[in-house]
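So this one's my_file.txt, compact mmCIF, C-alpha atoms:
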```txt
# COMPACT_ATOMS: atom_id res chain seq x y z
CA MET L 11 137.59 106.20 94.56
CA THR L 12 136.32 102.80 95.73
CA ALA L 13 134.49 102.02 98.94
CA SER L 14 136.49 100.39 101.71
CA SER L 15 135.97 99.13 105.23
CA SER L 16 137.52 102.38 106.50
CA ALA L 17 134.94 104.57 104.74
CA LEU L 18 133.23 107.08 107.00
CA PRO L 19 129.70 106.11 108.05
CA LEU L 20 126.61 107.44 106.31
CA ASN L 21 123.06 107.92 107.56
CA PRO L 22 122.08 104.34 108.54
CA HIS L 23 118.42 104.94 107.62
CA LEU L 24 119.43 105.88 104.08
CA VAL L 25 121.94 103.06 103.77
CA ALA L 26 119.26 100.56 104.78
CA THR L 27 116.72 101.93 102.29
CA GLU L 28 116.13 99.77 99.23
CA GLY L 29 117.34 101.27 95.95
CA ALA L 30 115.10 102.52 93.14
CA PRO L 31 113.83 99.40 91.34
CA ILE L 32 112.70 100.70 87.94
CA PRO L 33 116.21 101.29 86.48
CA ALA L 34 117.16 97.73 87.44
CA ALA L 35 114.06 96.33 85.79
CA ALA L 36 114.56 98.40 82.64
CA ALA L 37 117.92 96.70 82.12
CA TRP L 38 116.15 93.35 81.66
CA LEU L 39 114.57 94.49 78.41
CA ARG L 40 117.99 95.16 76.90
CA GLY L 41 118.49 91.39 76.82
CA TYR L 42 115.46 90.83 74.56
CA ASP L 43 116.23 89.72 70.98
CA GLY L 44 112.91 90.74 69.39
CA SER L 45 111.87 87.20 68.50
CA ALA L 46 108.39 87.44 70.07
CA GLY L 47 107.52 90.77 68.46
CA PRO L 48 108.03 94.43 69.35
CA ALA L 49 108.96 95.11 72.95
CA ILE L 50 106.09 96.25 75.19
CA ASP L 51 107.12 98.45 78.11
CA LEU L 52 104.46 98.16 80.82
CA SER L 53 106.74 99.09 83.68
CA GLN L 54 106.20 102.76 84.39
CA ALA L 55 103.35 105.27 84.37
CA VAL L 56 105.04 107.64 81.94
CA PRO L 57 102.74 109.67 79.67
CA GLY L 58 103.19 108.41 76.13
CA ARG L 59 101.95 111.58 74.49
CA PRO L 60 103.13 115.19 74.42
CA PRO L 61 101.26 117.91 76.31
CA GLU L 62 98.11 119.30 74.72
CA PRO L 63 98.89 122.03 72.13
CA LEU L 64 97.41 124.80 74.29
CA LEU L 65 99.67 123.76 77.20
CA MET L 66 102.68 123.31 74.93
CA ALA L 67 102.23 126.87 73.72
CA GLU L 68 102.10 128.17 77.29
CA LEU L 69 105.18 126.13 78.25
CA ALA L 70 107.14 127.63 75.37
CA LYS L 71 106.03 131.12 76.31
CA ALA L 72 106.78 130.64 80.01
CA GLY L 73 110.13 128.98 79.36
CA GLY L 74 111.32 132.01 77.46
CA SER L 75 110.23 134.50 80.09
CA ASN L 76 112.35 136.27 82.66
CA GLU L 77 109.87 135.34 85.37
CA ALA L 78 110.47 131.61 84.97
CA ALA L 79 114.17 132.14 85.68
CA ARG L 80 113.52 133.84 89.02
CA TYR L 81 112.83 132.43 92.45
CA GLY L 82 109.15 132.03 93.14
CA ALA L 83 107.09 131.88 96.31
CA ILE L 84 107.94 128.97 98.62
CA LEU L 85 104.37 127.66 98.51
CA GLY L 86 104.10 128.10 94.76
CA ASP L 87 102.81 130.66 92.29
CA ASP L 88 99.51 132.24 93.32
CA GLY L 89 98.06 131.62 89.87
CA LEU L 90 98.49 127.85 90.06
CA ARG L 91 97.44 127.63 93.70
CA THR L 92 94.24 129.51 92.86
CA ALA L 93 93.58 127.42 89.75
CA LEU L 94 94.08 124.11 91.57
CA ALA L 95 91.85 125.18 94.46
CA ALA L 96 89.08 126.00 91.97
CA ASP L 97 89.60 122.67 90.20
CA ILE L 98 89.30 120.79 93.49
CA ARG L 99 86.10 122.66 94.42
CA LEU L 100 84.66 121.73 91.03
CA ALA L 101 85.62 118.05 91.44
CA TYR L 102 84.78 117.56 95.14
CA GLY L 103 82.88 120.53 96.49
CA GLY L 104 84.05 121.92 99.80
CA ASP L 105 85.75 125.20 100.59
CA VAL L 106 89.35 124.67 99.40
CA GLU L 107 91.17 127.98 98.89
CA ALA L 108 94.51 128.98 97.39
CA GLY L 109 95.94 129.39 100.90
CA ASP L 110 95.41 125.66 101.51
CA VAL L 111 97.66 124.73 98.57
CA CYS L 112 101.42 124.18 98.36
CA ILE L 113 102.97 123.51 94.96
CA THR L 114 105.80 120.98 95.06
CA SER L 115 108.31 119.46 92.69
CA GLY L 116 106.15 116.45 91.83
CA CYS L 117 104.06 114.25 94.10
CA ASN L 118 107.04 112.31 95.46
CA GLN L 119 108.32 115.54 96.96
CA ALA L 120 104.82 116.32 98.21
CA PHE L 121 104.80 113.05 100.13
CA PHE L 122 108.35 113.59 101.41
CA VAL L 123 107.69 117.01 102.90
CA ALA L 124 104.29 115.91 104.21
CA MET L 125 105.96 113.11 106.15
CA ILE L 126 108.58 115.51 107.52
CA ALA L 127 105.75 117.77 108.68
CA LEU L 128 103.59 115.04 110.24
CA ALA L 129 106.06 112.70 111.94
CA LYS L 130 109.53 112.33 113.43
CA ALA L 131 112.00 109.45 113.39
CA GLY L 132 110.64 106.57 115.45
CA ASP L 133 106.98 107.33 114.66
CA GLU L 134 104.71 105.05 112.64
CA VAL L 135 102.84 105.64 109.39
CA ILE L 136 100.22 103.17 108.14
CA LEU L 137 100.72 102.40 104.45
CA PRO L 138 98.55 100.23 102.16
CA ALA L 139 100.28 96.96 101.26
CA PRO L 140 101.17 96.34 98.50
CA TRP L 141 102.67 99.79 98.66
CA TYR L 142 104.09 102.35 96.26
CA PHE L 143 107.81 101.68 96.65
CA ASN L 144 108.92 105.33 96.63
CA TYR L 145 106.68 106.00 99.63
CA LYS L 146 108.16 103.05 101.52
CA MET L 147 111.64 104.34 100.63
CA THR L 148 110.73 107.79 102.00
CA LEU L 149 109.54 106.37 105.31
CA ASP L 150 112.63 104.20 105.64
CA MET L 151 115.10 107.01 105.01
CA LEU L 152 113.29 109.31 107.45
CA GLY L 153 113.46 106.67 110.19
CA LEU L 154 109.68 106.18 110.18
CA THR L 155 108.15 102.74 110.57
CA ALA L 156 105.83 101.67 107.75
CA VAL L 157 102.95 99.67 109.21
CA PRO L 158 101.25 97.60 106.47
CA LEU L 159 97.52 98.08 105.91
CA PRO L 160 96.50 94.77 104.29
CA CYS L 161 94.91 94.96 100.84
CA GLU L 162 93.72 91.51 99.71
CA ALA L 163 93.17 90.16 96.22
CA GLN L 164 89.76 88.75 97.19
CA ASN L 165 88.61 92.30 97.98
CA GLY L 166 90.01 93.77 94.77
CA PHE L 167 92.90 95.20 96.83
CA VAL L 168 90.60 97.75 98.49
CA PRO L 169 91.56 97.82 102.21
CA ASP L 170 88.95 97.14 104.89
CA PRO L 171 88.46 100.06 107.31
CA ALA L 172 87.70 97.53 110.06
CA SER L 173 91.32 96.39 109.92
CA LEU L 174 92.68 99.85 110.73
CA ARG L 175 91.97 100.12 114.45
CA ALA L 176 94.21 97.18 115.34
CA LEU L 177 97.15 98.88 113.59
CA ILE L 178 96.97 102.19 115.45
CA THR L 179 99.38 102.62 118.36
CA PRO L 180 100.50 105.62 120.43
CA ARG L 181 103.30 106.13 117.86
CA THR L 182 100.95 106.28 114.84
CA ARG L 183 100.96 109.69 113.20
CA ALA L 184 99.25 109.17 109.84
CA LEU L 185 97.28 106.83 107.61
CA VAL L 186 98.19 106.99 103.91
CA LEU L 187 95.69 105.98 101.21
CA ILE L 188 96.33 106.00 97.45
CA THR L 189 93.32 106.01 95.12
CA PRO L 190 93.23 105.15 92.28
CA ASN L 191 95.94 102.94 93.64
CA ASN L 192 99.52 102.46 92.57
CA PRO L 193 100.42 99.60 92.20
CA THR L 194 97.11 97.72 92.01
CA GLY L 195 94.83 100.14 90.15
CA ALA L 196 92.16 99.63 92.84
CA VAL L 197 89.74 102.53 93.32
CA TYR L 198 88.42 103.21 96.82
CA ASP L 199 84.72 104.04 96.91
CA PRO L 200 83.37 107.09 98.82
CA ALA L 201 82.01 104.99 101.69
CA THR L 202 85.39 103.33 102.25
CA LEU L 203 87.21 106.66 102.27
CA SER L 204 84.64 108.14 104.64
CA ALA L 205 85.00 105.19 107.02
CA PHE L 206 88.78 105.55 107.06
CA ALA L 207 88.40 109.28 107.70
CA ASP L 208 86.10 108.60 110.65
CA ILE L 209 88.54 106.17 112.27
CA ALA L 210 91.54 108.44 111.67
CA ALA L 211 89.69 111.37 113.25
CA GLU L 212 88.64 109.23 116.22
CA ALA L 213 92.26 108.11 116.70
CA GLY L 214 93.69 111.61 116.32
CA ILE L 215 95.92 110.83 113.35
CA HIS L 216 96.25 112.54 109.98
CA LEU L 217 94.66 111.07 106.88
CA VAL L 218 96.94 111.47 103.85
CA VAL L 219 95.18 110.79 100.54
CA ASP L 220 97.26 110.59 97.37
CA GLU L 221 95.06 111.17 94.30
CA THR L 222 97.74 111.46 91.65
CA TYR L 223 95.43 109.52 89.31
CA ARG L 224 92.15 111.24 90.25
CA ASP L 225 91.65 112.40 86.65
CA PHE L 226 91.37 108.77 85.52
CA GLN L 227 88.43 107.43 87.51
CA PRO L 228 86.48 104.42 86.17
CA GLU L 229 83.61 105.02 83.75
CA ALA L 230 81.06 104.04 86.39
CA GLN L 231 82.20 106.81 88.75
CA SER L 232 80.01 109.90 88.47
CA GLY L 233 79.95 112.84 90.80
CA PRO L 234 82.53 113.51 93.52
CA VAL L 235 84.75 110.53 94.34
CA HIS L 236 84.62 111.49 98.02
CA GLY L 237 83.34 114.17 100.35
CA LEU L 238 86.49 114.61 102.43
CA PHE L 239 86.75 118.34 101.66
CA GLU L 240 83.17 118.87 102.81
CA ARG L 241 83.73 117.35 106.26
CA PRO L 242 83.77 119.90 109.11
CA GLY L 243 87.30 120.69 110.23
CA TRP L 244 88.97 118.87 107.31
CA ARG L 245 91.95 121.21 107.56
CA ASP L 246 92.82 119.82 110.99
CA ARG L 247 93.28 116.23 109.80
CA LEU L 248 93.37 115.84 105.98
CA VAL L 249 96.46 116.09 103.77
CA HIS L 250 95.71 115.71 100.06
CA LEU L 251 98.41 115.00 97.45
CA TYR L 252 98.23 115.51 93.68
CA SER L 253 100.45 115.46 90.62
CA PHE L 254 100.09 117.33 87.35
CA SER L 255 102.51 114.91 85.66
CA LYS L 256 100.02 112.39 84.31
CA ALA L 257 96.89 114.35 83.38
CA TYR L 258 98.90 117.21 81.87
CA ALA L 259 101.69 115.00 80.42
CA VAL L 260 104.47 117.08 81.99
CA PRO L 261 106.46 114.70 84.25
CA GLY L 262 109.73 116.41 83.35
CA HIS L 263 108.49 119.75 84.64
CA ARG L 264 107.98 118.25 88.14
CA VAL L 265 104.79 119.90 89.37
CA GLY L 266 102.80 118.40 92.23
CA ALA L 267 100.73 119.74 95.11
CA ILE L 268 99.68 119.39 98.73
CA VAL L 269 96.35 120.60 100.11
CA ALA L 270 96.20 120.90 103.89
CA GLY L 271 95.31 123.12 106.82
CA PRO L 272 97.29 126.15 108.01
CA GLN L 273 99.39 124.43 110.70
CA THR L 274 100.46 121.68 108.31
CA ILE L 275 101.14 124.18 105.52
CA LEU L 276 103.29 126.26 107.88
CA ALA L 277 105.41 123.22 108.76
CA ILE L 278 105.65 122.25 105.08
CA THR L 279 106.79 125.80 104.23
CA LYS L 280 109.85 125.35 106.44
CA ALA L 281 110.71 122.03 104.80
CA MET L 282 110.19 123.40 101.29
CA ASP L 283 112.33 126.47 101.94
CA SER L 284 115.23 124.28 103.06
CA LEU L 285 114.71 121.63 100.41
CA GLN L 286 114.08 123.58 97.22
CA ILE L 287 113.00 127.18 97.93
CA CYS L 288 110.34 126.90 95.21
CA ALA L 289 109.03 124.36 92.73
CA PRO L 290 110.16 124.81 89.07
CA ARG L 291 108.57 127.93 87.64
CA THR L 292 108.03 127.16 83.94
CA GLY L 293 105.49 124.43 84.56
CA GLN L 294 103.73 126.42 87.26
CA ILE L 295 103.32 129.49 85.08
CA ALA L 296 102.10 127.52 82.08
CA ILE L 297 99.74 125.10 83.83
CA ALA L 298 98.06 127.93 85.76
CA LYS L 299 96.82 129.31 82.43
CA VAL L 300 95.18 126.07 81.25
CA VAL L 301 93.74 124.15 84.23
CA GLU L 302 90.15 125.06 83.40
CA ALA L 303 90.66 124.99 79.63
CA MET L 304 92.13 121.49 79.77
CA LEU L 305 89.17 119.94 81.56
CA PRO L 306 87.66 118.56 78.29
CA ALA L 307 91.05 117.08 77.31
CA ARG L 308 91.36 115.42 80.72
CA GLN L 309 87.88 113.95 80.33
CA THR L 310 88.78 112.65 76.88
CA MET L 311 91.93 111.08 78.29
CA ARG L 312 89.89 109.38 81.01
CA ALA L 313 87.59 107.86 78.40
CA LEU L 314 90.57 106.73 76.29
CA PHE L 315 92.28 105.03 79.22
CA ASN L 316 89.09 103.31 80.35
CA ALA L 317 88.60 101.98 76.83
CA ARG L 318 92.21 100.81 76.81
CA ALA L 319 91.63 99.03 80.12
CA LYS L 320 88.97 96.94 78.36
CA VAL L 321 91.41 96.07 75.56
CA PHE L 322 94.01 95.03 78.12
CA ALA L 323 91.50 93.00 80.18
CA ALA L 324 90.34 91.18 77.04
CA GLU L 325 93.91 90.21 76.24
CA ILE L 326 94.54 88.89 79.75
CA ALA L 327 91.34 86.84 79.53
CA GLN L 328 92.96 85.01 76.59
CA ALA L 329 96.21 84.32 78.47
CA GLN L 330 96.06 80.78 79.82
CA GLY L 331 96.59 80.65 83.57
CA TRP L 332 96.94 84.42 84.05
CA GLU L 333 94.42 86.24 86.26
CA LEU L 334 93.52 89.91 86.42
CA THR L 335 93.06 90.57 90.15
CA SER L 336 92.43 94.33 89.97
CA ILE L 337 92.46 97.04 87.33
CA GLY L 338 91.95 100.79 87.13
CA ALA L 339 92.26 103.16 84.21
CA TYR L 340 96.06 103.23 84.54
CA PHE L 341 97.37 100.15 86.37
CA ALA L 342 96.54 96.48 86.67
CA TYR L 343 97.75 93.79 89.07
CA LEU L 344 98.20 90.32 87.57
CA LEU L 345 98.43 86.93 89.22
CA HIS L 346 100.97 84.89 87.25
CA PRO L 347 100.62 81.08 87.03
CA LEU L 348 104.28 80.07 87.35
CA ALA L 349 105.99 78.18 90.16
CA MET L 350 108.91 80.58 90.02
CA ASP L 351 110.25 83.47 92.05
CA GLY L 352 108.28 86.55 90.99
CA GLN L 353 111.32 88.61 90.12
CA ALA L 354 112.61 85.71 88.00
CA VAL L 355 109.25 85.65 86.21
CA ALA L 356 109.41 89.38 85.44
CA GLU L 357 113.01 89.19 84.26
CA ALA L 358 112.35 86.18 82.03
CA LEU L 359 109.20 87.81 80.66
CA ALA L 360 111.27 90.81 79.57
CA LYS L 361 114.18 88.86 78.14
CA GLU L 362 112.20 86.08 76.43
CA ALA L 363 108.88 87.71 75.49
CA GLY L 364 109.81 91.40 75.35
CA ILE L 365 107.17 92.34 77.95
CA LEU L 366 108.48 94.57 80.73
CA CYS L 367 106.43 94.86 83.90
CA LEU L 368 107.36 95.00 87.56
CA PRO L 369 107.36 92.09 90.00
CA GLY L 370 105.04 92.33 92.98
CA ALA L 371 108.03 91.89 95.28
CA PHE L 372 108.99 95.49 94.41
CA PHE L 373 105.82 96.56 96.24
CA GLY L 374 106.29 94.75 99.51
CA PRO L 375 106.31 91.31 101.14
CA ASP L 376 103.98 88.46 100.14
CA GLN L 377 103.52 89.84 96.62
CA ASP L 378 105.70 87.34 94.80
CA GLN L 379 102.87 85.85 92.76
CA PHE L 380 101.84 89.21 91.28
CA LEU L 381 103.06 91.54 88.53
CA ARG L 382 102.21 95.21 88.21
CA VAL L 383 101.31 96.47 84.76
CA ALA L 384 101.09 100.11 83.64
CA PHE L 385 99.08 99.82 80.42
CA ALA L 386 97.46 103.24 80.00
CA ASN L 387 100.12 104.81 77.80
CA VAL L 388 100.68 101.80 75.54
CA GLU L 389 98.79 102.08 72.25
CA ASP L 390 95.96 99.61 71.67
CA GLU L 391 97.75 98.16 68.64
CA ARG L 392 100.74 97.28 70.80
CA LEU L 393 98.52 95.58 73.40
CA LEU L 394 96.78 93.36 70.85
CA GLY L 395 98.30 89.89 70.94
CA LEU L 396 99.55 90.32 74.51
CA GLY L 397 97.43 87.38 75.69
CA ALA L 398 98.88 85.02 73.10
CA ARG L 399 102.40 86.16 73.95
CA LEU L 400 101.85 85.50 77.66
CA THR L 401 100.44 82.05 76.88
CA ALA L 402 103.45 81.22 74.73
CA PHE L 403 105.80 82.44 77.45
CA THR L 404 104.33 80.12 80.09
CA LYS L 405 104.45 77.05 77.86
CA ASP L 406 106.86 74.39 79.16
CA LYS L 407 107.46 76.37 82.39
CA PRO L 408 106.56 74.98 85.83
CA LEU L 409 103.08 76.01 86.98
CA ARG L 410 101.87 76.58 90.51
```
Rewrite the structure from the file as structure tokens, please.
Amino acid sequence: MTASSSALPLNPHLVATEGAPIPAAAAWLRGYDGSAGPAIDLSQAVPGRPPEPLLMAELAKAGGSNEAARYGAILGDDGLRTALAADIRLAYGGDVEAGDVCITSGCNQAFFVAMIALAKAGDEVILPAPWYFNYKMTLDMLGLTAVPLPCEAQNGFVPDPASLRALITPRTRALVLITPNNPTGAVYDPATLSAFADIAAEAGIHLVVDETYRDFQPEAQSGPVHGLFERPGWRDRLVHLYSFSKAYAVPGHRVGAIVAGPQTILAITKAMDSLQICAPRTGQIAIAKVVEAMLPARQTMRALFNARAKVFAAEIAQAQGWELTSIGAYFAYLLHPLAMDGQAVAEALAKEAGILCLPGAFFGPDQDQFLRVAFANVEDERLLGLGARLTAFTKDKPLR
């Protein structure tokens, strides 16, 4: 059946929401003829390795159990909620308990239900710009206004807390921060996070902190990356988001989490019951058994990705005209040298040089000169020569 002018109307918020960009970008690489060397997919933060053997064994055991086929608790299995609370106490300190945790179907769902709990259509949510496109999509389809929190290249894309007050209005319900950041890779230091928390508390708005990539902090970071869970009354104003997908290499099992206070958790329970009833059970059952045991593997992965970041940075340093504006242990944000539309640059880079990354325009306005690169799960051997390939690509093209 084809669409027609007489088609019945749909939700206008959803109709106006931009579509998912990664499938469109992936199609560009299908036009590559292989002439520049093997294709390098730097577009998506997908784990390039299987789960650790101890987790794989638990997944196989859980997947074959009767329990995994049953409904679970709306807020998640007690075993995983308890294990994550203990892991957070170990990483941050504070008094996080299992009752503060809701297990979700990935971090995207965690953000979705958090926004349903915190705000209603017509309210405002402050979002770092450049932003993670799925979060902008969520706000748009829920009828929430995304207010950009500027993140500038000259500051390594770490937002300035002083800029927040001017953005807060009577309709503001939450400030969202993502650290380590997607798309830029920028890592917010403890003082910056504390300053944002102070202003949010003063303004009476929730602070939502997405730490999907908290397991991959820079080498220089030692000790807790923030003290937000040790602040008095954190349950009244903090909403913390996490994903098991990256550190545990289980994106297909869709396991994420929210940590928040009782009133927020109660509201989220209603949304979760209507949306999914419970997060998938197999991953929950298996991961609960290995959270503590996998800590050494997660630390090894952090070291590997930080070493890979150095390999990537060294290659970009050899690429004539290209500039590395920010980098974490998972993502980097590149300034390209071409006097071309950013999406045209990304498409040509895929089709001509076999390098797939995402244009900055996917992450908001005024990002046309940037490209986002997800390098962590690309083997070092595949990254070697990237600088020379980028240099060759820009040859004979118009420069800015």
Using only C-alpha atoms, can you list as a tab-separated table (two decimals) with C-alpha atoms, in the coordinates of the input the residues within 12 Å of (107.0, 87.8, 85.0)?
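Just written: out.tsv:
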```tsv
chain	number	residue	atom	x	y	z
L	35	ALA	CA	114.06	96.33	85.79
L	38	TRP	CA	116.15	93.35	81.66
L	52	LEU	CA	104.46	98.16	80.82
L	53	SER	CA	106.74	99.09	83.68
L	332	TRP	CA	96.94	84.42	84.05
L	343	TYR	CA	97.75	93.79	89.07
L	344	LEU	CA	98.20	90.32	87.57
L	345	LEU	CA	98.43	86.93	89.22
L	346	HIS	CA	100.97	84.89	87.25
L	347	PRO	CA	100.62	81.08	87.03
L	348	LEU	CA	104.28	80.07	87.35
L	349	ALA	CA	105.99	78.18	90.16
L	350	MET	CA	108.91	80.58	90.02
L	351	ASP	CA	110.25	83.47	92.05
L	352	GLY	CA	108.28	86.55	90.99
L	353	GLN	CA	111.32	88.61	90.12
L	354	ALA	CA	112.61	85.71	88.00
L	355	VAL	CA	109.25	85.65	86.21
L	356	ALA	CA	109.41	89.38	85.44
L	357	GLU	CA	113.01	89.19	84.26
L	358	ALA	CA	112.35	86.18	82.03
L	359	LEU	CA	109.20	87.81	80.66
L	360	ALA	CA	111.27	90.81	79.57
L	361	LYS	CA	114.18	88.86	78.14
L	362	GLU	CA	112.20	86.08	76.43
L	363	ALA	CA	108.88	87.71	75.49
L	364	GLY	CA	109.81	91.40	75.35
L	365	ILE	CA	107.17	92.34	77.95
L	366	LEU	CA	108.48	94.57	80.73
L	367	CYS	CA	106.43	94.86	83.90
L	368	LEU	CA	107.36	95.00	87.56
L	369	PRO	CA	107.36	92.09	90.00
L	370	GLY	CA	105.04	92.33	92.98
L	371	ALA	CA	108.03	91.89	95.28
L	378	ASP	CA	105.70	87.34	94.80
L	379	GLN	CA	102.87	85.85	92.76
L	380	PHE	CA	101.84	89.21	91.28
L	381	LEU	CA	103.06	91.54	88.53
L	382	ARG	CA	102.21	95.21	88.21
L	383	VAL	CA	101.31	96.47	84.76
L	400	LEU	CA	101.85	85.50	77.66
L	401	THR	CA	100.44	82.05	76.88
L	403	PHE	CA	105.80	82.44	77.45
L	404	THR	CA	104.33	80.12	80.09
L	407	LYS	CA	107.46	76.37	82.39
```
Build an axis-aligned box that encloses every atom of stretch 398-401 of chain L listed in the file, pad it by 3 Å on each side, and report its centre and edge lengths in Å to one decimal, as JSON.
```
{"center_x": 100.6, "center_y": 84.1, "center_z": 75.4, "size_x": 9.5, "size_y": 10.1, "size_z": 10.6}
```
If we count only C-alpha atoms and set the cut-off at 12 Å, which residues sit around L:Gly104, ignoring sequence neighbours fewer than 2 positions away in its own chain? Please answer as a PDB file with C-alpha atoms, in the coordinates of the input.
```
ATOM      1  CA  ALA L  95      91.850 125.180  94.460  1.00  0.00           C
ATOM      2  CA  ALA L  96      89.080 126.000  91.970  1.00  0.00           C
ATOM      3  CA  ASP L  97      89.600 122.670  90.200  1.00  0.00           C
ATOM      4  CA  ILE L  98      89.300 120.790  93.490  1.00  0.00           C
ATOM      5  CA  ARG L  99      86.100 122.660  94.420  1.00  0.00           C
ATOM      6  CA  LEU L 100      84.660 121.730  91.030  1.00  0.00           C
ATOM      7  CA  ALA L 101      85.620 118.050  91.440  1.00  0.00           C
ATOM      8  CA  TYR L 102      84.780 117.560  95.140  1.00  0.00           C
ATOM      9  CA  VAL L 106      89.350 124.670  99.400  1.00  0.00           C
ATOM     10  CA  GLU L 107      91.170 127.980  98.890  1.00  0.00           C
ATOM     11  CA  PRO L 234      82.530 113.510  93.520  1.00  0.00           C
ATOM     12  CA  HIS L 236      84.620 111.490  98.020  1.00  0.00           C
ATOM     13  CA  GLY L 237      83.340 114.170 100.350  1.00  0.00           C
ATOM     14  CA  LEU L 238      86.490 114.610 102.430  1.00  0.00           C
ATOM     15  CA  PHE L 239      86.750 118.340 101.660  1.00  0.00           C
ATOM     16  CA  GLU L 240      83.170 118.870 102.810  1.00  0.00           C
ATOM     17  CA  ARG L 241      83.730 117.350 106.260  1.00  0.00           C
ATOM     18  CA  PRO L 242      83.770 119.900 109.110  1.00  0.00           C
ATOM     19  CA  GLY L 243      87.300 120.690 110.230  1.00  0.00           C
ATOM     20  CA  TRP L 244      88.970 118.870 107.310  1.00  0.00           C
ATOM     21  CA  ARG L 245      91.950 121.210 107.560  1.00  0.00           C
TER      22      ARG L 245
END
```
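Rounded to one decimal, atom CA of L:Val269 and atom CA of L:Gly109 lie 8.8 Å from each other.
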Inset, instruction - Find the distance between atom CA of L:Pro19 and atom CA of L:Glu134 and write it in Å to one decimal. - result: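 So the two atoms, atom CA of L:Pro19 and atom CA of L:Glu134, lie 25.4 Å apart.
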Inset, instruction - For L:Ala402, list every protein, DNA or RNA residue within 10 Å, evaluated using only C-alpha atoms, and leave out those in the same chain fewer than 3 positions away; present the list as a PyMOL selection string. - result: chain L and resi 46+329-330+363+396-399+405-407
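With all atoms listed in the file as the atoms that count, the minimum distance from L:Ala386 to the choices L:Met311, L:Ala281, L:Ala108, L:Ile136 is reached by L:Met311.
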Legend entry - Residue neighbourhood L:Ala79, 10 Å, all atoms listed in the file, exclusion window fewer than 4 positions, as an MDAnalysis selection string: chainID L and resid 72:75 290:292
Could you write out the selected residues, including C-alpha atoms, as a compact mmCIF listing (two decimals), in the frame of the given file?
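The resulting file, result_22.txt, is reproduced below:
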```txt
# COMPACT_ATOMS: atom_id res chain seq x y z
CA ALA L 72 106.78 130.64 80.01
CA GLY L 73 110.13 128.98 79.36
CA GLY L 74 111.32 132.01 77.46
CA SER L 75 110.23 134.50 80.09
CA PRO L 290 110.16 124.81 89.07
CA ARG L 291 108.57 127.93 87.64
CA THR L 292 108.03 127.16 83.94
```
Inset, instruction - Kindly indicate which residue among L:Glu212, L:Asp246, L:Asp150, L:Asp390 lies nearest to L:Ala131, using all atoms listed in the file for the distances. - result: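 The closest residue to L:Ala131 is L:Asp150.
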Env of stretch 168-180 of chain L: 9 Å cut, atoms = all atoms listed in the file, seq-sep filter 6 positions within chain, self excluded. Answer as a PDB file with C-alpha atoms, in the frame of the given file.
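The resulting part.pdb:
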```
ATOM      1  CA  ASP L 133     106.980 107.330 114.660  1.00  0.00           C
ATOM      2  CA  GLU L 134     104.710 105.050 112.640  1.00  0.00           C
ATOM      3  CA  ILE L 136     100.220 103.170 108.140  1.00  0.00           C
ATOM      4  CA  PRO L 138      98.550 100.230 102.160  1.00  0.00           C
ATOM      5  CA  ALA L 139     100.280  96.960 101.260  1.00  0.00           C
ATOM      6  CA  VAL L 157     102.950  99.670 109.210  1.00  0.00           C
ATOM      7  CA  PRO L 158     101.250  97.600 106.470  1.00  0.00           C
ATOM      8  CA  LEU L 159      97.520  98.080 105.910  1.00  0.00           C
ATOM      9  CA  PRO L 160      96.500  94.770 104.290  1.00  0.00           C
ATOM     10  CA  CYS L 161      94.910  94.960 100.840  1.00  0.00           C
ATOM     11  CA  GLU L 162      93.720  91.510  99.710  1.00  0.00           C
ATOM     12  CA  ASN L 191      95.940 102.940  93.640  1.00  0.00           C
ATOM     13  CA  ALA L 196      92.160  99.630  92.840  1.00  0.00           C
ATOM     14  CA  VAL L 197      89.740 102.530  93.320  1.00  0.00           C
ATOM     15  CA  TYR L 198      88.420 103.210  96.820  1.00  0.00           C
ATOM     16  CA  ASP L 199      84.720 104.040  96.910  1.00  0.00           C
ATOM     17  CA  THR L 202      85.390 103.330 102.250  1.00  0.00           C
ATOM     18  CA  LEU L 203      87.210 106.660 102.270  1.00  0.00           C
ATOM     19  CA  ALA L 205      85.000 105.190 107.020  1.00  0.00           C
ATOM     20  CA  PHE L 206      88.780 105.550 107.060  1.00  0.00           C
ATOM     21  CA  ILE L 209      88.540 106.170 112.270  1.00  0.00           C
ATOM     22  CA  ALA L 210      91.540 108.440 111.670  1.00  0.00           C
ATOM     23  CA  ALA L 213      92.260 108.110 116.700  1.00  0.00           C
ATOM     24  CA  ILE L 215      95.920 110.830 113.350  1.00  0.00           C
TER      25      ILE L 215
END
```
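Atom CA of L:Thr310 lies 14.4 Å from atom CA of L:Tyr223.
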Legend entry - Counting all atoms listed in the file, the option among L:Ile126, L:Ala313, L:Cys288, L:Ala307 closest to L:Ala259: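 Checking each of L:Ile126, L:Ala313, L:Cys288, L:Ala307 against L:Ala259, counting all atoms listed in the file, the winner is L:Ala307.
Closest approach to L:Ala277 among L:Ala327, L:Leu187, L:Leu128, L:Leu149: L:Leu128, based on only C-alpha atoms.
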Legend entry - Closest of L:Ala342, L:Ala270, L:Val235, L:Ala37 to L:Arg247 - atom-to-atom distances counting all atoms listed in the file: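 Among the listed residues, L:Ala270 lies closest to L:Arg247.
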Legend entry - Which residue of L:Leu152, L:Leu90, L:Leu137, L:Leu69 approaches L:Phe122 most closely, using all atoms listed in the file: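 When distances to L:Phe122 are compared using all atoms listed in the file, the smallest one comes from L:Leu152.
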Legend entry - L:Pro190 surroundings by all atoms listed in the file, 9 Å radius, close-in-sequence under 3 positions cut, as a PyMOL selection string: chain L and resi 194-198+220-224+226-227+338-341
